[in-house]
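Below is final00.cif, holding mmCIF, C-alpha atoms.
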```
data_coords
#
loop_
_atom_site.label_atom_id
_atom_site.label_comp_id
_atom_site.auth_asym_id
_atom_site.auth_seq_id
_atom_site.Cartn_x
_atom_site.Cartn_y
_atom_site.Cartn_z
CA MET A 14 0.00 0.00 0.00
CA GLU A 15 2.89 2.38 0.79
CA LYS A 16 4.44 1.48 -2.53
CA PHE A 17 1.16 2.29 -4.29
CA ILE A 18 0.90 5.68 -2.61
CA GLU A 19 4.48 6.44 -3.59
CA LEU A 20 3.81 5.52 -7.23
CA PHE A 21 0.54 7.44 -7.27
CA ALA A 22 2.17 10.54 -5.77
CA GLU A 23 4.90 10.36 -8.38
CA ALA A 24 2.36 9.98 -11.20
CA ILE A 25 0.32 13.03 -10.20
CA GLU A 26 3.39 14.94 -8.95
CA ARG A 27 1.91 15.57 -5.51
CA GLU A 28 4.18 16.35 -2.60
CA ASP A 29 1.50 16.75 0.08
CA GLU A 30 0.21 13.78 2.02
CA ILE A 31 -2.01 11.23 0.33
CA LYS A 32 -4.52 9.28 2.40
CA MET A 33 -6.35 6.20 1.20
CA GLN A 34 -9.76 7.74 1.87
CA ASP A 35 -8.95 10.92 -0.12
CA GLU A 36 -11.05 11.68 -3.18
CA PHE A 37 -8.17 12.16 -5.62
CA ARG A 38 -10.12 14.37 -8.05
CA GLU A 39 -10.15 17.01 -5.29
CA TYR A 40 -6.36 17.31 -5.41
CA PRO A 41 -5.18 20.49 -7.17
CA GLU A 42 -2.67 18.28 -9.02
CA TRP A 43 -5.45 16.23 -10.65
CA SER A 44 -6.04 17.05 -14.32
CA SER A 45 -6.64 15.36 -17.66
CA ILE A 46 -2.84 15.34 -17.96
CA THR A 47 -1.99 13.68 -14.65
CA TYR A 48 -4.78 11.20 -15.43
CA LEU A 49 -2.62 9.92 -18.31
CA SER A 50 0.32 9.43 -15.95
CA VAL A 51 -1.89 7.38 -13.65
CA ILE A 52 -2.98 5.20 -16.59
CA ALA A 53 0.68 4.65 -17.46
CA MET A 54 1.56 3.84 -13.85
CA MET A 55 -1.26 1.31 -13.51
CA ASP A 56 -0.31 -0.38 -16.79
CA GLU A 57 3.40 -0.43 -16.03
CA GLU A 58 3.34 -1.42 -12.37
CA TYR A 59 0.16 -3.49 -12.13
CA GLY A 60 -0.61 -4.56 -15.72
CA VAL A 61 -4.07 -3.05 -15.29
CA GLN A 62 -6.00 -1.02 -17.86
CA ILE A 63 -9.28 0.61 -16.89
CA GLU A 64 -11.55 2.25 -19.45
CA GLU A 65 -12.62 5.81 -18.73
CA ALA A 66 -16.26 4.87 -18.00
CA GLU A 67 -15.09 2.43 -15.31
CA PHE A 68 -12.40 4.77 -14.05
CA LYS A 69 -14.99 7.52 -13.46
CA LYS A 70 -16.63 5.28 -10.85
CA LEU A 71 -13.43 5.17 -8.80
CA ARG A 72 -13.61 8.04 -6.30
CA THR A 73 -10.91 7.42 -3.69
CA VAL A 74 -7.25 6.45 -3.57
CA GLN A 75 -8.42 3.23 -1.90
CA ALA A 76 -10.66 2.45 -4.89
CA LEU A 77 -7.71 2.94 -7.25
CA TYR A 78 -5.56 0.72 -5.08
CA ASP A 79 -8.22 -2.00 -5.08
CA ALA A 80 -8.62 -1.76 -8.83
CA CYS A 81 -4.88 -2.28 -9.26
CA ASN A 82 -4.69 -5.24 -6.90
CA ASN A 83 -7.88 -7.17 -7.55
CA LYS A 84 -7.10 -8.17 -11.09
CA MET B 5 -4.96 -12.68 -38.56
CA ALA B 6 -4.47 -10.99 -41.90
CA PHE B 7 -1.12 -9.81 -43.13
CA LEU B 8 -0.53 -8.34 -46.58
CA GLN B 9 2.75 -8.94 -48.36
CA TYR B 10 4.03 -7.41 -51.58
CA GLU B 11 7.16 -8.02 -53.57
CA GLY B 12 9.27 -5.58 -55.57
CA VAL B 13 7.43 -2.30 -54.88
CA GLY B 14 8.80 0.64 -52.93
CA ILE B 15 8.99 4.38 -52.28
CA THR B 16 11.66 5.87 -54.54
CA ALA B 17 11.27 9.55 -53.57
CA MET B 18 9.47 11.68 -50.97
CA SER B 19 8.73 15.33 -50.33
CA ALA B 20 6.70 17.39 -47.85
CA ALA B 21 5.10 20.79 -47.42
CA VAL B 22 4.07 22.60 -44.25
CA PRO B 23 2.32 25.94 -43.71
CA LYS B 24 4.68 28.85 -43.17
CA ARG B 25 2.82 29.97 -40.02
CA VAL B 26 4.46 28.64 -36.85
CA ILE B 27 2.45 28.31 -33.63
CA VAL B 28 4.69 28.36 -30.56
CA ASN B 29 2.74 26.42 -27.96
CA ARG B 30 4.29 28.04 -24.89
CA GLU B 31 3.08 31.39 -26.29
CA TYR B 32 -0.32 30.06 -27.43
CA THR B 33 -2.06 31.87 -24.59
CA GLU B 34 -5.04 33.68 -26.10
CA VAL B 35 -7.41 31.29 -24.32
CA PHE B 36 -5.32 29.51 -21.71
CA THR B 37 -2.71 30.76 -19.26
CA LYS B 38 1.03 30.50 -19.71
CA GLU B 39 1.13 28.02 -16.80
CA GLU B 40 -1.41 25.77 -18.49
CA ALA B 41 0.43 26.01 -21.81
CA ASN B 42 3.75 25.15 -20.17
CA GLU B 43 2.25 22.21 -18.31
CA ILE B 44 0.77 20.79 -21.51
CA VAL B 45 3.98 21.32 -23.50
CA ASP B 46 6.09 19.71 -20.76
CA LYS B 47 3.86 16.65 -20.89
CA THR B 48 3.28 16.35 -24.64
CA GLY B 49 6.65 17.58 -25.92
CA ILE B 50 4.86 19.58 -28.63
CA GLU B 51 6.73 22.91 -28.74
CA GLN B 52 5.61 24.10 -32.16
CA ARG B 53 3.10 23.35 -34.86
CA ARG B 54 2.26 24.70 -38.29
CA PHE B 55 -1.18 26.18 -38.95
CA ALA B 56 -2.60 26.58 -42.43
CA ASP B 57 -4.12 29.97 -43.23
CA GLU B 58 -7.69 30.24 -44.50
CA ASN B 59 -6.52 30.00 -48.13
CA THR B 60 -4.52 26.81 -47.62
CA CYS B 61 -6.06 23.34 -47.74
CA SER B 62 -4.58 19.87 -47.35
CA SER B 63 -4.68 19.66 -51.14
CA ASP B 64 -2.55 22.81 -51.50
CA LEU B 65 0.08 21.37 -49.18
CA CYS B 66 0.10 18.13 -51.17
CA LEU B 67 0.20 20.02 -54.46
CA ALA B 68 3.28 21.96 -53.33
CA ALA B 69 4.94 18.75 -52.12
CA ALA B 70 4.09 16.89 -55.34
CA GLU B 71 5.38 19.69 -57.58
CA LYS B 72 8.64 19.71 -55.61
CA LEU B 73 8.85 15.92 -55.93
CA ILE B 74 8.23 16.02 -59.69
CA ALA B 75 10.77 18.80 -60.24
CA ASP B 76 13.52 17.38 -58.01
CA ASN B 77 13.29 13.93 -59.59
CA ASN B 78 12.63 14.96 -63.22
CA ILE B 79 9.49 12.84 -63.28
CA LYS B 80 7.68 12.75 -66.61
CA LYS B 81 4.07 13.52 -65.81
CA GLU B 82 2.84 11.04 -68.44
CA ASP B 83 4.50 8.25 -66.42
CA ILE B 84 2.18 8.84 -63.46
CA ASP B 85 -0.70 6.38 -63.79
CA LEU B 86 -2.12 6.40 -60.25
CA LEU B 87 -2.86 9.20 -57.77
CA VAL B 88 -4.19 8.41 -54.30
CA PHE B 89 -4.99 11.24 -51.89
CA ILE B 90 -5.29 10.51 -48.17
CA SER B 91 -7.07 12.99 -45.91
CA GLN B 92 -9.91 13.62 -43.50
CA THR B 93 -9.77 17.32 -44.30
CA PRO B 94 -10.59 17.30 -48.03
CA ASP B 95 -11.48 20.39 -50.08
CA TYR B 96 -15.13 19.43 -50.63
CA ARG B 97 -17.61 16.81 -49.54
CA MET B 98 -17.64 16.11 -53.26
CA PRO B 99 -15.88 15.71 -55.64
CA ALA B 100 -12.93 13.72 -54.36
CA THR B 101 -9.86 15.90 -53.85
CA SER B 102 -7.61 13.40 -55.67
CA VAL B 103 -9.44 14.19 -58.90
CA THR B 104 -8.97 17.94 -58.53
CA LEU B 105 -5.27 17.23 -57.86
CA GLN B 106 -5.03 15.18 -61.08
CA HIS B 107 -6.03 18.34 -62.93
CA ARG B 108 -4.02 20.80 -60.86
CA LEU B 109 -0.87 18.70 -61.30
CA GLY B 110 -1.41 18.66 -65.07
CA LEU B 111 -1.81 14.89 -65.26
CA GLY B 112 -3.72 13.14 -68.05
CA ASN B 113 -7.23 11.72 -67.98
CA LYS B 114 -5.97 8.11 -67.96
CA VAL B 115 -4.81 8.60 -64.39
CA ILE B 116 -6.55 6.44 -61.78
CA ALA B 117 -7.46 8.85 -58.95
CA PHE B 118 -9.32 8.29 -55.71
CA ASP B 119 -9.34 9.36 -52.04
CA ILE B 120 -8.80 7.35 -48.89
CA THR B 121 -10.32 8.72 -45.69
CA LEU B 122 -9.21 7.03 -42.50
CA GLY B 123 -7.16 9.01 -39.97
CA CYS B 124 -3.79 8.68 -38.33
CA SER B 125 -2.95 5.18 -39.58
CA ALA B 126 -3.88 6.03 -43.17
CA PHE B 127 -0.43 6.42 -44.68
CA ILE B 128 0.34 2.77 -43.92
CA TYR B 129 -3.09 1.69 -45.22
CA GLY B 130 -2.50 3.85 -48.31
CA LEU B 131 0.92 2.36 -48.95
CA SER B 132 -0.54 -1.13 -48.89
CA VAL B 133 -3.32 -0.15 -51.33
CA VAL B 134 -0.85 1.43 -53.75
CA TYR B 135 1.67 -1.42 -53.41
CA GLY B 136 -1.12 -3.87 -54.20
CA LEU B 137 -2.17 -1.98 -57.34
CA MET B 138 1.44 -1.52 -58.46
CA GLU B 139 2.64 -5.06 -57.86
CA ARG B 140 0.47 -6.83 -60.41
CA SER B 141 -0.08 -4.23 -63.08
CA ASN B 142 1.69 -2.33 -65.79
CA LEU B 143 1.15 1.01 -64.08
CA LYS B 144 4.43 2.93 -64.31
CA LYS B 145 4.51 5.30 -61.37
CA ALA B 146 2.14 6.09 -58.51
CA LEU B 147 1.80 9.25 -56.44
CA LEU B 148 0.61 8.80 -52.87
CA LEU B 149 -0.40 12.20 -51.48
CA ASP B 150 -1.31 12.60 -47.80
CA GLY B 151 -2.43 15.93 -46.36
CA GLU B 152 -4.21 17.14 -43.21
CA THR B 153 -5.23 20.51 -41.78
CA ARG B 154 -6.24 19.34 -38.30
CA SER B 155 -5.80 22.89 -37.01
CA LYS B 156 -9.18 23.56 -38.62
CA VAL B 157 -10.83 20.59 -36.91
CA TYR B 158 -10.29 21.18 -33.21
CA SER B 159 -11.56 23.90 -30.91
CA PRO B 160 -8.94 26.34 -29.59
CA ARG B 161 -11.07 26.43 -26.41
CA ASP B 162 -10.75 22.72 -25.62
CA ARG B 163 -7.46 22.26 -23.77
CA ARG B 164 -7.49 18.51 -24.38
CA SER B 165 -6.92 19.05 -28.10
CA ALA B 166 -5.99 22.73 -28.56
CA PHE B 167 -2.24 22.21 -28.19
CA LEU B 168 -1.75 18.96 -30.10
CA PHE B 169 -2.51 19.21 -33.78
CA GLY B 170 -0.72 20.73 -36.73
CA ASP B 171 -0.91 20.74 -40.51
CA GLY B 172 1.18 19.27 -43.29
CA GLY B 173 1.21 17.44 -46.60
CA VAL B 174 3.49 14.84 -48.18
CA ALA B 175 4.04 13.23 -51.55
CA ALA B 176 5.56 9.80 -52.11
CA LEU B 177 6.58 8.34 -55.46
CA ILE B 178 5.98 4.61 -55.63
CA GLU B 179 7.51 2.35 -58.28
CA ARG B 180 8.14 -1.32 -59.06
CA ASP B 181 11.71 -2.56 -58.75
CA PRO B 182 12.94 -6.02 -57.68
CA LYS B 183 15.55 -4.30 -55.47
CA PHE B 184 12.90 -3.56 -52.85
CA GLY B 185 12.17 -7.18 -51.97
CA LYS B 186 9.29 -7.89 -49.64
CA SER B 187 7.00 -5.48 -47.74
CA THR B 188 4.59 -6.58 -45.01
CA PHE B 189 1.53 -4.80 -43.64
CA SER B 190 -0.77 -5.47 -40.71
CA LEU B 191 -3.97 -3.40 -40.90
CA ASN B 192 -6.56 -3.39 -38.11
CA SER B 193 -9.87 -1.78 -37.18
CA ASP B 194 -12.15 -1.52 -34.13
CA GLY B 195 -15.35 0.39 -34.81
CA SER B 196 -16.65 -0.27 -31.30
CA ARG B 197 -14.35 2.60 -30.34
CA ALA B 198 -15.60 5.02 -33.00
CA ASP B 199 -16.63 7.48 -30.30
CA LEU B 200 -13.13 7.89 -28.81
CA ILE B 201 -12.13 10.44 -31.46
CA MET B 202 -14.91 12.05 -33.45
CA ILE B 203 -16.41 15.06 -35.18
CA PRO B 204 -20.09 14.33 -34.50
CA ALA B 205 -21.74 16.79 -36.92
CA GLY B 206 -21.33 17.87 -40.51
CA GLY B 207 -21.74 14.43 -42.07
CA TYR B 208 -25.07 12.92 -43.04
CA ARG B 209 -25.98 11.39 -39.66
CA LYS B 210 -26.05 14.80 -38.01
CA MET B 211 -26.07 17.35 -40.78
CA SER B 212 -24.81 20.90 -40.37
CA SER B 213 -27.37 23.26 -38.87
CA ALA B 214 -27.48 26.45 -36.85
CA GLU B 215 -27.31 24.27 -33.75
CA THR B 216 -24.23 22.24 -34.72
CA VAL B 217 -22.00 25.32 -34.96
CA VAL B 218 -22.81 26.61 -31.46
CA GLU B 219 -19.93 26.33 -29.00
CA LYS B 220 -20.90 24.67 -25.73
CA VAL B 221 -19.15 23.91 -22.46
CA VAL B 222 -18.58 20.17 -22.61
CA ASP B 223 -17.06 19.15 -19.28
CA GLU B 224 -16.26 20.03 -15.67
CA PHE B 225 -13.01 21.72 -16.77
CA GLY B 226 -14.87 24.35 -18.82
CA ASN B 227 -13.61 23.13 -22.18
CA MET B 228 -15.69 24.42 -25.10
CA ARG B 229 -16.41 23.18 -28.60
CA SER B 230 -19.19 22.76 -31.12
CA ASP B 231 -20.42 19.49 -32.62
CA GLU B 232 -18.63 20.42 -35.84
CA GLN B 233 -15.30 20.29 -34.02
CA GLY B 234 -13.38 17.19 -33.09
CA TYR B 235 -13.04 15.74 -29.62
CA MET B 236 -10.77 13.11 -28.23
CA ARG B 237 -11.16 10.93 -25.15
CA GLY B 238 -7.47 10.95 -24.37
CA GLY B 239 -7.49 8.48 -21.49
CA ASP B 240 -9.21 5.77 -23.50
CA VAL B 241 -7.09 6.45 -26.56
CA PHE B 242 -4.01 6.01 -24.39
CA ASN B 243 -5.37 2.79 -22.84
CA PHE B 244 -6.12 1.49 -26.32
CA VAL B 245 -2.71 2.38 -27.74
CA ILE B 246 -0.63 0.85 -24.96
CA ARG B 247 -2.57 -2.39 -25.30
CA GLU B 248 -2.82 -2.75 -29.10
CA ILE B 249 0.29 -1.14 -30.58
CA PRO B 250 3.00 -3.24 -28.88
CA ARG B 251 0.90 -6.34 -29.63
CA ASP B 252 0.51 -5.53 -33.33
CA ILE B 253 4.21 -4.79 -33.75
CA LYS B 254 5.14 -8.03 -31.99
CA ASN B 255 2.72 -10.07 -34.12
CA THR B 256 4.04 -8.53 -37.33
CA LEU B 257 7.64 -9.16 -36.30
CA ALA B 258 6.78 -12.76 -35.41
CA TYR B 259 5.05 -13.28 -38.77
CA THR B 260 8.09 -12.02 -40.67
CA GLU B 261 10.55 -13.74 -38.31
CA LYS B 262 12.27 -10.46 -37.55
CA THR B 263 13.25 -8.67 -34.36
CA VAL B 264 13.36 -4.96 -33.60
CA ASP B 265 17.16 -5.13 -33.99
CA ASP B 266 16.74 -5.88 -37.71
CA PHE B 267 15.48 -2.34 -38.34
CA ASP B 268 17.45 0.77 -39.08
CA TYR B 269 14.54 3.01 -38.11
CA VAL B 270 11.19 2.71 -36.39
CA VAL B 271 8.81 5.54 -37.34
CA PHE B 272 5.79 5.99 -35.09
CA HIS B 273 2.72 8.14 -35.53
CA GLN B 274 3.63 11.39 -33.79
CA ALA B 275 0.72 11.51 -31.34
CA ASN B 276 2.58 13.18 -28.51
CA ASN B 277 5.78 12.56 -26.62
CA PHE B 278 4.01 11.10 -23.59
CA ILE B 279 2.37 8.28 -25.56
CA ASN B 280 5.39 7.66 -27.79
CA SER B 281 7.98 7.53 -25.04
CA TYR B 282 5.74 5.21 -23.05
CA ILE B 283 5.49 2.79 -26.00
CA MET B 284 9.26 3.07 -26.48
CA LYS B 285 9.86 2.26 -22.83
CA LYS B 286 7.31 -0.55 -22.74
CA MET B 287 8.82 -2.19 -25.83
CA LYS B 288 12.42 -1.44 -24.77
CA LEU B 289 13.22 0.25 -28.07
CA ASP B 290 16.45 2.07 -28.88
CA ALA B 291 15.64 5.80 -28.96
CA ASN B 292 18.45 6.37 -31.50
CA LYS B 293 16.44 4.45 -34.10
CA ILE B 294 13.25 6.43 -33.53
CA PRO B 295 13.10 9.75 -35.34
CA SER B 296 10.67 12.31 -33.95
CA THR B 297 9.05 15.52 -35.17
CA ILE B 298 6.67 15.84 -32.21
CA ALA B 299 8.50 18.94 -30.95
CA LYS B 300 8.41 20.89 -34.20
CA PHE B 301 5.27 19.74 -36.06
CA GLY B 302 3.03 18.21 -33.35
CA ASN B 303 0.39 15.65 -34.32
CA THR B 304 -0.37 15.97 -38.04
CA SER B 305 -2.60 12.87 -38.09
CA SER B 306 -1.88 10.56 -41.05
CA VAL B 307 0.84 12.91 -42.30
CA SER B 308 3.01 12.45 -39.22
CA VAL B 309 4.71 9.19 -40.25
CA PRO B 310 5.78 10.30 -43.76
CA LEU B 311 6.51 13.88 -42.59
CA THR B 312 8.86 12.47 -39.96
CA ILE B 313 10.63 10.42 -42.64
CA VAL B 314 11.07 13.48 -44.88
CA SER B 315 12.10 15.76 -42.02
CA GLU B 316 14.40 13.45 -40.08
CA LEU B 317 15.69 10.77 -42.49
CA GLN B 318 16.81 12.96 -45.38
CA GLY B 319 20.26 11.68 -46.41
CA LYS B 320 19.86 8.63 -44.17
CA LEU B 321 18.03 6.33 -46.57
CA ASP B 322 20.92 5.60 -48.95
CA GLY B 323 21.57 1.94 -49.65
CA HIS B 324 19.21 -0.68 -48.21
CA LYS B 325 17.36 0.36 -45.04
CA GLN B 326 14.76 -1.64 -43.17
CA VAL B 327 12.08 0.64 -41.71
CA LEU B 328 9.21 -0.28 -39.42
CA LEU B 329 6.17 2.00 -39.50
CA SER B 330 3.51 2.06 -36.78
CA ALA B 331 0.44 4.28 -36.51
CA PHE B 332 -2.90 4.43 -34.72
CA GLY B 333 -5.84 6.74 -34.39
CA VAL B 334 -9.43 7.67 -35.08
CA GLY B 335 -11.71 4.76 -35.97
CA MET B 336 -10.00 3.20 -34.15
CA THR B 337 -7.65 1.89 -36.78
CA TRP B 338 -4.04 0.89 -36.37
CA ALA B 339 -1.38 -0.42 -38.68
CA THR B 340 2.16 -1.77 -38.78
CA GLY B 341 4.29 -1.72 -41.91
CA ILE B 342 7.64 -3.34 -42.64
CA VAL B 343 8.89 -1.33 -45.57
CA PRO B 344 12.33 -1.56 -47.19
CA PHE B 345 13.82 1.71 -48.45
CA VAL B 346 16.50 1.59 -51.16
CA ASP B 347 18.24 4.85 -52.09
CA CYS B 348 15.10 6.90 -51.40
CA LYS B 349 15.51 10.49 -52.55
CA ILE B 350 14.11 12.99 -50.09
CA SER B 351 13.49 16.61 -51.01
CA ASP B 352 13.78 19.64 -48.75
CA ILE B 353 10.54 20.61 -47.00
CA VAL B 354 8.56 23.34 -48.79
CA GLU B 355 6.67 26.11 -46.94
CA VAL B 356 3.22 27.21 -48.09
CA GLU B 357 1.31 30.47 -47.63
CA ASN B 358 -2.04 31.45 -49.15
CA GLY B 359 -2.16 28.11 -50.92
CA GLN B 360 1.15 28.67 -52.71
CA ALA B 361 4.70 27.43 -52.12
CA VAL B 362 6.87 30.32 -50.88
#
```

Go ahead and express the file in the form of structure tokens.
Amino acid sequence: MEKFIELFAEAIEREDEIKMQDEFREYPEWSSITYLSVIAMMDEEYGVQIEEAEFKKLRTVQALYDACNNK
Amino acid sequence: MAFLQYEGVGITAMSAAVPKRVIVNREYTEVFTKEEANEIVDKTGIEQRRFADENTCSSDLCLAAAEKLIADNNIKKEDIDLLVFISQTPDYRMPATSVTLQHRLGLGNKVIAFDITLGCSAFIYGLSVVYGLMERSNLKKALLLDGETRSKVYSPRDRRSAFLFGDGGVAALIERDPKFGKSTFSLNSDGSRADLIMIPAGGYRKMSSAETVVEKVVDEFGNMRSDEQGYMRGGDVFNFVIREIPRDIKNTLAYTEKTVDDFDYVVFHQANNFINSYIMKKMKLDANKIPSTIAKFGNTSSVSVPLTIVSELQGKLDGHKQVLLSAFGVGMTWATGIVPFVDCKISDIVEVENGQAV
């Protein structure tokens, strides 16, 4: 889980704390650009690809983490 | 799985034309802030693009490139038997732009002329069509023209596409010669993803009306466009590309019993630096073999593969060179081509203003 947070922080270039219950779209760093970095991170590190319609349902960092680890 | 193979056909000469007007993305701040522009450029690697003026069409860019090609290579116009024009930004809904180019180039009425409309992978599709017609016929020479003015397609008020696209046109001379050996193409399509990149209105499903030209806010970020302008669902395009492109290249290599090391150059569609460097990393490709024009011309749709060859491989295609081509885009369609180049003559790039070479 720590590893995931580290990778996620790197992908969205966020230096402030990231908590699992955070809604990541609320972060000022979140944009259509950092979204692409998160897609790349999930593909590269977890071999997971999530279509945009599915991705939109993921609200929290925890949900992202689960999506990466349940496949 | 379908692969196409041709023997003894190849590109003997190439040329390109781009609009004279340069758009510097970091200073493209009429709508968005400098910070936003810088953030997008840092991510996409697209520093500059070329924008056609209102008097310049894809056809004009291709005409300028073709005239340069004909002059530089002393081509007899009566030897040109086939003219194929690739574009999704044609002059008219009808007639086909290829036919107007037959006339404007001063070619005879025996010329076979038609258009191919497809998108970013179209140059590779077009090559395979022309190679097929050339291989088993007595046609002497073929002209493959590929032009796009995507600057006219996308809204300058939609940040997801406003900084990506540029304009250009290319001309390729295609001839039969045993020296070329074998070419291989893998062509693919997935219409279930037609809505990933689209201009919804202006065709015959949703015809132009007063309503289709109205700009609307389309998302939570405040991006604006009309239904006559293109949109792109970047996340899904990216997901699609990282899944399908490495797979198609690997399958084509396996079919031809080649490895990436057998190639002198790998030329990708110039989508943006983020996508391309990710594919490069994922496939562990040698960056020295991968020419790029993303920084100076941006994404020119189907023109990007041949424009990158003309811009970056001039003087580097002497002798026998093995080149792998890979492109993907709207449709979705995607294609891989294994294309030998033998002493290909590449002209200097021409600049165009008001529809004329300058």

Exercise for the section: Give as a ChimeraX atom specification every residue of chain A that touches chain B within 7 Å, counting all atoms listed in the file. Expected result: /A:49,62,64-65

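One finds atom CA of B:Ile84 at 16.1 Å from atom CA of B:Gly136.
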
Problem - Selection dump of the PyMOL selection byres ((chain B and resi 115-128) around 7), as a PyMOL selection string - result: chain B and resi 85-92+100-103+112-114+129-132+150+305-306+331-334+337-339+341

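Note on the selection: in this file the PyMOL selection byres ((chain B and resi 27) around 10) comes out as B:Lys24, B:Arg25, B:Val26, B:Val28, B:Asn29, B:Arg30, B:Glu31, B:Tyr32, B:Glu51, B:Gln52, B:Arg53, B:Arg54, B:Phe55, B:Phe167, B:Gly170, B:Lys300, B:Phe301.
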
Problem - Residue nearest B:Ile249 among B:Tyr208, B:Phe272, B:Phe189, B:Tyr235 (counting all atoms listed in the file) - result: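 Distance minimum relative to B:Ile249 lands on B:Phe272.
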
Handout entry: Nearest candidate to B:Gly234 (options B:Leu329, B:Arg251, B:Thr93, B:Glu179; using all atoms listed in the file)
Key = B:Thr93

Problem - Top pick for closest residue to A:Arg38, considering A:Ile25, A:Val61, A:Ala80, A:Leu20 and counting only C-alpha atoms - result: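 Of A:Ile25, A:Val61, A:Ala80, A:Leu20, the one nearest A:Arg38, counting only C-alpha atoms, is A:Ile25.
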
Exercise for the section: Go ahead and compute the interatomic distance for atom CA of B:Leu105 and atom CA of B:His273, in Å to one decimal. Expected result: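 Taking atom CA of B:Leu105 and atom CA of B:His273, their separation equals 25.4 Å.
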
If we count all atoms listed in the file, what is near B:Glu71 at a cut-off of 12 Å, once residues fewer than 4 positions away on the same chain are taken out, given as a short mmCIF file (atom, residue, chain, number, x, y, z; two decimals) with C-alpha atoms, keeping the file's coordinate frame?
```cif
data_model
loop_
_atom_site.label_atom_id
_atom_site.label_comp_id
_atom_site.auth_asym_id
_atom_site.auth_seq_id
_atom_site.Cartn_x
_atom_site.Cartn_y
_atom_site.Cartn_z
CA MET B 18 9.47 11.68 -50.97
CA SER B 19 8.73 15.33 -50.33
CA ALA B 20 6.70 17.39 -47.85
CA ALA B 21 5.10 20.79 -47.42
CA SER B 63 -4.68 19.66 -51.14
CA ASP B 64 -2.55 22.81 -51.50
CA LEU B 65 0.08 21.37 -49.18
CA CYS B 66 0.10 18.13 -51.17
CA LEU B 67 0.20 20.02 -54.46
CA ALA B 75 10.77 18.80 -60.24
CA ASP B 76 13.52 17.38 -58.01
CA ASN B 77 13.29 13.93 -59.59
CA ASN B 78 12.63 14.96 -63.22
CA ILE B 79 9.49 12.84 -63.28
CA LYS B 80 7.68 12.75 -66.61
CA LYS B 81 4.07 13.52 -65.81
CA LEU B 105 -5.27 17.23 -57.86
CA GLN B 106 -5.03 15.18 -61.08
CA ARG B 108 -4.02 20.80 -60.86
CA LEU B 109 -0.87 18.70 -61.30
CA GLY B 110 -1.41 18.66 -65.07
CA LEU B 111 -1.81 14.89 -65.26
CA LEU B 147 1.80 9.25 -56.44
CA LEU B 149 -0.40 12.20 -51.48
CA GLY B 173 1.21 17.44 -46.60
CA VAL B 174 3.49 14.84 -48.18
CA ALA B 175 4.04 13.23 -51.55
CA ALA B 176 5.56 9.80 -52.11
CA LEU B 177 6.58 8.34 -55.46
CA SER B 351 13.49 16.61 -51.01
CA ILE B 353 10.54 20.61 -47.00
CA VAL B 354 8.56 23.34 -48.79
CA GLN B 360 1.15 28.67 -52.71
CA ALA B 361 4.70 27.43 -52.12
#
```

Handout entry: Point-to-point distance from atom CA of B:Asp83 to atom CA of B:Lys144, Å rounded to tenths
Key = 5.7 Å

Exercise for the section: Starting from the displayed file, determine the output of the PyMOL selection byres ((chain A and resi 74) around 6) and express the residue list as a list in words. Expected result: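 Taken over the shown coordinates, the PyMOL selection byres ((chain A and resi 74) around 6) returns Met33, Asp35, Thr73, Gln75, Ala76 and Leu77 of chain A.
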
Got time to write the residues from that selection, C-alpha atoms, as a PDB file, in the coordinates of the input?
```pdb
ATOM      1  CA  MET A  33      -6.350   6.200   1.200  1.00  0.00           C
ATOM      2  CA  ASP A  35      -8.950  10.920  -0.120  1.00  0.00           C
ATOM      3  CA  THR A  73     -10.910   7.420  -3.690  1.00  0.00           C
ATOM      4  CA  GLN A  75      -8.420   3.230  -1.900  1.00  0.00           C
ATOM      5  CA  ALA A  76     -10.660   2.450  -4.890  1.00  0.00           C
ATOM      6  CA  LEU A  77      -7.710   2.940  -7.250  1.00  0.00           C
TER       7      LEU A  77
END
```

Handout entry: Neighbours of point (6.2, 18.9, -12.1) within 12 Å, using all atoms listed in the file, written as a PyMOL selection string
Key = (chain A and resi 22-28+42+46-47+50) or (chain B and resi 39+42-47)

Practice task
Counting all atoms listed in the file, figure out which residue out of B:Ile50, B:Met211, B:Leu137, B:Gly206 gets nearest to B:Ser165.
Solution key: B:Ile50

Completion exercise
Using all atoms listed in the file, the shortest atom-to-atom distance to B:Ile253 among B:Thr37, B:Ser296, B:Asn192, B:Asn142 belongs to B:Asn192

Exercise for the section: Kindly indicate which residue among A:Ala53, A:Ile18, A:Ala66, A:Ile31 lies nearest to A:Tyr78, using all atoms listed in the file for the distances. Expected result: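 Nearest to A:Tyr78: A:Ile18.
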